[in-house]
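Below is one structure, written out as structure tokens, with a few remarks after it.
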Amino acid sequence: AGIAEARGVLEHLPGPDESLHALCTARMDLTDVLGALLERLGRCDRLLIATLGYNARNLKTMLGWLDSGAVGTLSLVASIFFRSHNGELWERTLEEFRARKQRAACCHSHAKVVTLAIATGERLSIEGSANLCGNGSGREQFALIHDAGLHDWHSRWIEALVAKHEGADDE
């Protein structure tokens, strides 16, 4: 149901310098939205994700994107709060990401932002309230923005967080 809802929400994608604002129900999580975007737009050369948290299904989905070639490189920033409550999943994430030469880090962050550098040259950003996983609340919101400048700005700070905190055990 979540995947079908995500496809419906993304029926009309924003053009250059446009944005799409959407509400999602508890059936859909942000990985459903990203999967629907990858289906519509094709390969994402570089995917950066900053999220408070995620679940095992989200990790499996991200690894599937990497293994299938739908995503070239993926960098992930999660919160220390997430790591402190989901240590085993975080350790599994690090193992899986390292095996695929991808990057992940935890730090004090509550940001929920995604950047996608699509192989066609499109640069998209997602900003909103949604983590990668649904939280059972009735609604989450996000904005999908088709703007290269915003994409690049978000990409810089996410990559800087990964570079600073990758491999750090404590904060």
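Just so we're on the same page: first chain in the structure tokens is A, next is B, and so on; residues restart at 1 for each chain, and ligands are numbered from 1 in the order they show up.
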*asked:* So that I can check the surroundings of range 61-66 of chain A, please list as a VMD selection string every protein, DNA and RNA residue that reaches within 12 Å of it, counting only C-alpha atoms and ignoring chain neighbours fewer than 3 positions away.
replied: chain A and resid 29 to 39 42 to 49 54 to 58 69 to 76 92 to 102 132 to 133
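Every protein, DNA or RNA residue with an atom at most 8 Å from Leu20 in chain A, where only C-alpha atoms count and chain neighbours fewer than 3 positions away do not, is listed here: A:Leu13, A:Pro14, A:Ala143, A:Leu144, A:Ile145.
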Take the residues that were just selected and, keeping N, CA and C atoms, output them as a tab-separated table (two decimals), in the first residue's frame.
chain	number	residue	atom	x	y	z
A	13	LEU	N	5.76	15.08	-11.19
A	13	LEU	CA	7.04	15.48	-10.63
A	13	LEU	C	7.32	16.95	-10.95
A	14	PRO	N	8.03	17.64	-10.06
A	14	PRO	CA	8.34	19.04	-10.33
A	14	PRO	C	9.39	19.18	-11.44
A	143	ALA	N	8.70	17.95	1.00
A	143	ALA	CA	8.75	18.74	-0.23
A	143	ALA	C	9.85	18.15	-1.10
A	144	LEU	N	9.53	17.90	-2.35
A	144	LEU	CA	10.49	17.44	-3.35
A	144	LEU	C	10.82	18.65	-4.21
A	145	ILE	N	12.09	19.06	-4.18
A	145	ILE	CA	12.49	20.29	-4.86
A	145	ILE	C	13.47	19.97	-5.97
_Secondary structure check, strand (DSSP E or B) residues of chain A, as JSON, numbers by chain_ = {"A": [18, 19, 20, 21, 22, 23, 24, 44, 45, 46, 47, 48, 49, 50, 71, 72, 73, 74, 75, 76, 77, 78, 79, 103, 104, 105, 106, 107, 113, 114, 115, 116, 117, 118, 123, 124, 125, 126, 127, 128, 140, 141, 142, 143, 144, 145, 146]}
Okay, now the selection with N, CA and C atoms, as a short mmCIF file (atom, residue, chain, number, x, y, z; two decimals), in the first residue's frame?
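Output saved as selection19.cif:
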data_model
loop_
_atom_site.label_atom_id
_atom_site.label_comp_id
_atom_site.auth_asym_id
_atom_site.auth_seq_id
_atom_site.Cartn_x
_atom_site.Cartn_y
_atom_site.Cartn_z
N GLU A 18 10.97 24.04 -9.61
CA GLU A 18 9.65 23.82 -9.05
C GLU A 18 9.77 22.87 -7.86
N SER A 19 8.69 22.80 -7.08
CA SER A 19 8.66 21.87 -5.96
C SER A 19 7.29 21.22 -5.87
N LEU A 20 7.28 20.06 -5.26
CA LEU A 20 6.06 19.31 -4.98
C LEU A 20 5.96 19.18 -3.47
N HIS A 21 4.84 19.56 -2.90
CA HIS A 21 4.63 19.44 -1.46
C HIS A 21 3.58 18.36 -1.25
N ALA A 22 3.87 17.44 -0.33
CA ALA A 22 2.99 16.28 -0.17
C ALA A 22 2.81 15.89 1.29
N LEU A 23 1.66 15.32 1.55
CA LEU A 23 1.37 14.67 2.84
C LEU A 23 1.37 13.17 2.60
N CYS A 24 1.89 12.42 3.54
CA CYS A 24 1.87 10.96 3.42
C CYS A 24 1.22 10.38 4.66
N CYS A 44 20.27 6.70 -9.92
CA CYS A 44 20.74 7.82 -9.11
C CYS A 44 22.23 7.60 -8.88
N ASP A 45 23.05 8.49 -9.43
CA ASP A 45 24.49 8.33 -9.28
C ASP A 45 24.94 8.51 -7.84
N ARG A 46 24.29 9.45 -7.13
CA ARG A 46 24.71 9.77 -5.77
C ARG A 46 23.48 10.10 -4.93
N LEU A 47 23.28 9.32 -3.87
CA LEU A 47 22.15 9.50 -2.96
C LEU A 47 22.70 9.78 -1.57
N LEU A 48 22.29 10.91 -1.00
CA LEU A 48 22.70 11.28 0.36
C LEU A 48 21.45 11.36 1.22
N ILE A 49 21.52 10.75 2.40
CA ILE A 49 20.36 10.70 3.28
C ILE A 49 20.76 11.14 4.68
N ALA A 50 20.03 12.11 5.22
CA ALA A 50 20.14 12.48 6.63
C ALA A 50 18.79 12.18 7.26
N VAL A 71 21.35 2.76 -7.52
CA VAL A 71 22.08 3.84 -6.85
C VAL A 71 23.57 3.53 -6.94
N GLY A 72 24.34 4.53 -7.36
CA GLY A 72 25.79 4.35 -7.48
C GLY A 72 26.50 4.44 -6.15
N THR A 73 26.34 5.57 -5.47
CA THR A 73 26.92 5.74 -4.14
C THR A 73 25.85 6.26 -3.20
N LEU A 74 25.97 5.87 -1.93
CA LEU A 74 25.00 6.26 -0.91
C LEU A 74 25.76 6.62 0.35
N SER A 75 25.49 7.79 0.88
CA SER A 75 26.02 8.21 2.18
C SER A 75 24.83 8.44 3.10
N LEU A 76 24.97 7.97 4.34
CA LEU A 76 23.88 8.01 5.31
C LEU A 76 24.34 8.68 6.59
N VAL A 77 23.53 9.62 7.07
CA VAL A 77 23.72 10.22 8.39
C VAL A 77 22.49 9.86 9.21
N ALA A 78 22.71 9.23 10.35
CA ALA A 78 21.64 8.93 11.30
C ALA A 78 21.96 9.60 12.62
N SER A 79 21.01 9.62 13.51
CA SER A 79 21.19 10.32 14.78
C SER A 79 21.83 9.41 15.82
N ARG A 103 29.38 4.99 2.72
CA ARG A 103 29.72 5.73 3.93
C ARG A 103 28.48 5.95 4.80
N ALA A 104 28.71 5.89 6.13
CA ALA A 104 27.64 6.13 7.10
C ALA A 104 28.23 6.70 8.36
N ALA A 105 27.47 7.55 9.02
CA ALA A 105 27.92 8.17 10.26
C ALA A 105 26.72 8.53 11.13
N CYS A 106 26.96 8.60 12.43
CA CYS A 106 25.97 9.09 13.39
C CYS A 106 26.48 10.37 14.00
N CYS A 107 25.57 11.28 14.28
CA CYS A 107 25.92 12.52 14.98
C CYS A 107 24.64 13.09 15.59
N VAL A 113 16.57 15.00 5.42
CA VAL A 113 16.85 15.56 4.11
C VAL A 113 17.48 14.48 3.24
N VAL A 114 17.12 14.47 1.97
CA VAL A 114 17.68 13.53 1.00
C VAL A 114 18.07 14.33 -0.23
N THR A 115 19.22 14.00 -0.81
CA THR A 115 19.58 14.57 -2.11
C THR A 115 19.79 13.44 -3.10
N LEU A 116 19.35 13.67 -4.33
CA LEU A 116 19.49 12.69 -5.40
C LEU A 116 20.14 13.36 -6.60
N ALA A 117 21.27 12.82 -7.03
CA ALA A 117 21.91 13.25 -8.27
C ALA A 117 21.58 12.18 -9.31
N ILE A 118 20.58 12.44 -10.12
CA ILE A 118 20.09 11.49 -11.11
C ILE A 118 21.05 11.45 -12.29
N ARG A 123 18.94 17.27 -10.41
CA ARG A 123 19.37 17.35 -9.01
C ARG A 123 18.15 17.66 -8.17
N LEU A 124 17.79 16.73 -7.29
CA LEU A 124 16.59 16.84 -6.47
C LEU A 124 16.93 16.80 -5.00
N SER A 125 16.10 17.44 -4.20
CA SER A 125 16.22 17.39 -2.74
C SER A 125 14.84 17.09 -2.17
N ILE A 126 14.85 16.37 -1.06
CA ILE A 126 13.63 16.14 -0.29
C ILE A 126 13.87 16.68 1.11
N GLU A 127 12.98 17.53 1.56
CA GLU A 127 13.01 18.08 2.92
C GLU A 127 11.67 17.77 3.57
N GLY A 128 11.67 17.41 4.83
CA GLY A 128 10.39 17.18 5.46
C GLY A 128 10.47 16.63 6.85
N GLU A 140 2.85 12.60 7.75
CA GLU A 140 4.17 13.21 7.60
C GLU A 140 4.08 14.11 6.38
N GLN A 141 5.00 15.05 6.26
CA GLN A 141 5.01 15.92 5.09
C GLN A 141 6.41 15.95 4.52
N PHE A 142 6.47 16.21 3.21
CA PHE A 142 7.77 16.43 2.58
C PHE A 142 7.59 17.34 1.38
N ALA A 143 8.70 17.95 1.00
CA ALA A 143 8.75 18.74 -0.23
C ALA A 143 9.85 18.15 -1.10
N LEU A 144 9.53 17.90 -2.35
CA LEU A 144 10.49 17.44 -3.35
C LEU A 144 10.82 18.65 -4.21
N ILE A 145 12.09 19.06 -4.18
CA ILE A 145 12.49 20.29 -4.86
C ILE A 145 13.47 19.97 -5.97
N HIS A 146 13.18 20.47 -7.16
CA HIS A 146 14.02 20.26 -8.34
C HIS A 146 14.85 21.53 -8.53
#
_Residues within 12 Å of Ser84 in chain A, please, as number ranges by chain. Count only C-alpha atoms; anything in the same chain fewer than 4 positions from it doesn't count._
A: 52-53, 78-80, 88-91, 106-108, 169-171
Could those residues be written to a file, using C-alpha atoms, as a PDB file, in the first residue's frame?
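Contents of the output file out.pdb:
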ATOM      1  CA  LEU A  52      16.778  10.546  12.565  1.00  0.00           C
ATOM      2  CA  GLY A  53      16.268   6.822  12.059  1.00  0.00           C
ATOM      3  CA  ALA A  78      21.637   8.927  11.296  1.00  0.00           C
ATOM      4  CA  SER A  79      21.193  10.315  14.780  1.00  0.00           C
ATOM      5  CA  ILE A  80      23.049   9.283  17.897  1.00  0.00           C
ATOM      6  CA  GLU A  88      22.594  -3.913  16.439  1.00  0.00           C
ATOM      7  CA  LEU A  89      20.950  -2.416  13.358  1.00  0.00           C
ATOM      8  CA  TRP A  90      23.558   0.362  13.280  1.00  0.00           C
ATOM      9  CA  GLU A  91      26.407  -2.174  13.459  1.00  0.00           C
ATOM     10  CA  CYS A 106      25.966   9.085  13.387  1.00  0.00           C
ATOM     11  CA  CYS A 107      25.918  12.516  14.977  1.00  0.00           C
ATOM     12  CA  HIS A 108      23.619  14.842  16.884  1.00  0.00           C
ATOM     13  CA  ASP A 169      31.853   5.875  18.461  1.00  0.00           C
ATOM     14  CA  ASP A 170      30.899   8.576  20.929  1.00  0.00           C
ATOM     15  CA  GLU A 171      29.777  12.171  20.854  1.00  0.00           C
TER      16      GLU A 171
END
_All helix (DSSP H, G or I) positions in range 3-168 of chain A, as a ChimeraX atom specification_ = /A:3-9,30-41,56-68,80-85,87-99,148-165
*What is the CA of Asn131 in chain A to CA of Thr51 in chain A distance in Å?*
5.4 Å
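Closest approach to Gly149 in chain A from the set A:Arg7, A:Leu59, A:His85, A:Glu122 is made by A:Glu122, with distances taken over only C-alpha atoms.
Each of A:Asp67, A:Ser109, A:Lys60, A:His154 was checked against Phe82 in chain A using only C-alpha atoms; the smallest atom-to-atom distance is that of A:Ser109.
Distance-wise, CA of Lys164 in chain A and CA of Ala119 in chain A end up 27.3 Å apart.
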